[in-house]
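Student: Let me begin by handing over the structure; questions about it come next.
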Amino acid sequence: MATPRKIRVWDLPTRLFHWLLVVCIVGAYVTIKVGGLWLDYHMLFGYTTLGLILFRIVWGFVGPEPVRFRHFVRGPGAVMAYLKGTRVRDTGPNPLGALSVVAMLALLGYQAVTGLFATDDILSSGPLSARVSNDLASTLTGLHKLDEWPILILVALHVLAIIYYRVARKQKLAAAMITGDAPADEFHSAAEPTRDTWKVRGLAVVIAVVAAGVVYWITTLRVSSGY
């Protein structure tokens with residue numbers, strides 16, 4: 001029996017971004033609930049999340065075609081066509097999944113940025129909290145906390161969607177995000193595999209280093225307490 005043909009649907013940098021983001025979301029949630037000295041780790045997860053979001057935004061413009069925003073962010077018409085089953089599947093996020101990608105980047109980016117200004121006035125504070133007024137820091141801290149539930153809801157919907165596709169459509173989305181490959185017969189005949197060369201990966205490393213450098217620079221802006 002011939003082995004079903006596979007097609008590369010996710011490049012390695014995108015896959016690493018995805019799973020590192022999962023680790024950060026879980027880590028940040030657990031550490032904030034435990035509290036105490038674990039808040040230092042919560043902040044580290046937040047910094048990493050910010051770096052990942054910066055990376056993904058840039059990658060959405062210069063990465064392989066299927067992960068570029070211009071490729072998968074479509075209007076309501078494309079979403080409706082997909083829901084009706086009249087739109088063929090292509091590599092990269094489907095029109096409905098694209099909404100989830102954009103929402104996740106927006107919510108997590110918002111959470112990471114507001115976290116830079118958040119403070120509990122006791123054990124921990126973001127590196128930029130002392131650079132704004134106490135009232136603004138308090139407001140941003142409140143907004144940072146309020147964003148928790150929208151993120152949890154979006155994550156839950158994401159997980160439910162993966163289960164639905166696995167059970168109802170027999171598509172192993174999680175497996176594809178691990179291996180990078182999916183059965184070719186799930187896509188239209190003209191679908192092009194995602195570029196996942198060492199040149200692509202090298203570009204991703206450069207972007208990741210720059211993103212990490214930007215986040216590190218932000219952490220150096222913390223105002224000394226003077227003690």
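Ordering of the structure tokens sets the chain letters (A, B, ...); residue numbers start at 1 within each chain; ligands are numbered from 1 in the order shown.
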Let's see if you can do this: from backbone DSSP, list all strand (DSSP E or B) residues in stretch 24-218 of chain A, as a list in words.

Tutor: Thr119, Ser125, Asp181, Ala182 and Pro183 of chain A

Student: Identify, on the basis of only C-alpha atoms, every residue whose closest approach to A:Ala98 does not exceed 12 Å; exclude the query and any residue fewer than 2 positions from it along the same chain; express the result as a list of chain:residue names.

Tutor: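 What passes the distance filter is A:Gly60, A:Pro66, A:Val67, A:Arg68, A:Phe69, A:Arg70, A:His71, A:Phe72, A:Val73, A:Arg74, A:Gly75, A:Pro76, A:Ala78, A:Val79, A:Tyr82, A:Thr91, A:Gly92, A:Pro93, A:Asn94, A:Pro95, A:Leu96, A:Ser100, A:Val101, A:Val102, A:Ala103, A:Met104, A:Leu105, A:His158.
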
Student: In Å to one decimal, how far is atom CA of A:Leu39 from atom CA of A:Leu146?

Tutor: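 Spanning atom CA of A:Leu146 to atom CA of A:Leu39 is a straight-line distance of 17.6 Å.
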
Student: As a VMD selection string, please: every residue in stretch 99-198 of chain A that DSSP puts in alpha helix (DSSP H).

Tutor: chain A and resid 99 to 115 134 to 146 148 to 168 173 to 179 198

Student: Show me, as a PyMOL selection string, the residues that have an atom within 9 Å of stretch 190-196 of chain A when counting only C-alpha atoms, minus same-chain residues fewer than 3 positions from it.

Tutor: chain A and resi 7-13+63-67+89-92+184+187+199-201

Student: For the residues in that selection, give me C-alpha atoms as an mmCIF file, in the first residue's frame.

Tutor:
```cif
data_model
loop_
_atom_site.group_PDB
_atom_site.id
_atom_site.type_symbol
_atom_site.label_atom_id
_atom_site.label_comp_id
_atom_site.auth_asym_id
_atom_site.auth_seq_id
_atom_site.Cartn_x
_atom_site.Cartn_y
_atom_site.Cartn_z
ATOM 1 C CA ILE A 7 2.805 18.417 2.146
ATOM 2 C CA ARG A 8 4.720 20.864 4.350
ATOM 3 C CA VAL A 9 2.126 23.244 5.803
ATOM 4 C CA TRP A 10 4.001 24.881 8.701
ATOM 5 C CA ASP A 11 7.600 26.075 8.721
ATOM 6 C CA LEU A 12 9.777 25.318 11.757
ATOM 7 C CA PRO A 13 9.928 28.936 13.063
ATOM 8 C CA GLY A 63 7.962 34.839 6.500
ATOM 9 C CA PRO A 64 6.838 32.117 4.068
ATOM 10 C CA GLU A 65 3.736 33.044 2.072
ATOM 11 C CA PRO A 66 1.204 30.868 3.997
ATOM 12 C CA VAL A 67 1.984 32.618 7.309
ATOM 13 C CA ARG A 89 -8.368 24.480 1.747
ATOM 14 C CA ASP A 90 -4.972 26.094 1.294
ATOM 15 C CA THR A 91 -1.795 25.979 3.362
ATOM 16 C CA GLY A 92 -1.707 28.369 6.303
ATOM 17 C CA ALA A 184 -1.726 16.398 0.652
ATOM 18 C CA PHE A 187 -5.697 20.557 0.168
ATOM 19 C CA LYS A 199 17.566 30.282 4.661
ATOM 20 C CA VAL A 200 14.050 30.777 6.003
ATOM 21 C CA ARG A 201 15.092 29.491 9.415
#
```

Student: Could you name the residues that touch stretch 218-224 of chain A at 8 Å or less, counting only C-alpha atoms, but leaving out those on the same chain fewer than 5 positions away, as a list of chain:residue names?

Tutor: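 Answer for this query is A:Gly126, A:Pro127, A:Leu128, A:Ser129, A:Ala130, A:Arg131.
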
Student: Restrict the selected residues to N, CA and C atoms and save them as a short mmCIF file (atom, residue, chain, number, x, y, z; two decimals), in the first residue's frame.

Tutor:
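In the end it all went to result.cif:
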```
data_model
loop_
_atom_site.label_atom_id
_atom_site.label_comp_id
_atom_site.auth_asym_id
_atom_site.auth_seq_id
_atom_site.Cartn_x
_atom_site.Cartn_y
_atom_site.Cartn_z
N GLY A 126 5.98 46.13 36.72
CA GLY A 126 6.54 46.11 35.38
C GLY A 126 7.65 47.14 35.26
N PRO A 127 8.55 46.96 34.32
CA PRO A 127 9.70 47.87 34.18
C PRO A 127 9.33 49.31 33.83
N LEU A 128 8.12 49.53 33.33
CA LEU A 128 7.72 50.89 32.94
C LEU A 128 6.69 51.50 33.90
N SER A 129 6.36 50.76 34.96
CA SER A 129 5.31 51.24 35.87
C SER A 129 5.68 52.54 36.56
N ALA A 130 6.98 52.72 36.86
CA ALA A 130 7.41 53.93 37.55
C ALA A 130 7.59 55.11 36.60
N ARG A 131 7.44 54.86 35.32
CA ARG A 131 7.61 55.93 34.33
C ARG A 131 6.29 56.60 33.97
#
```

Student: Using Å and a single decimal, report how far atom CA of A:Thr119 sits from atom CA of A:Ala137.

Tutor: 7.0 Å

Student: Please compute the atom CA of A:Gly115-atom CA of A:His144 distance, one decimal, in Å.

Tutor: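 For atom CA of A:Gly115 relative to atom CA of A:His144, the distance reads 6.1 Å.
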
Student: Pick the closest to A:Gly109 from A:Ile122, A:Leu21, A:Ile153, A:Val62: which is it, counting only C-alpha atoms?

Tutor: A:Leu21

Student: Quick one: residues within 7 Å of stretch 210-213 of chain A, only C-alpha atoms counted, chain neighbours fewer than 6 positions away excluded, as a list in words?

Tutor: Gly51, Leu54 and Phe55 of chain A
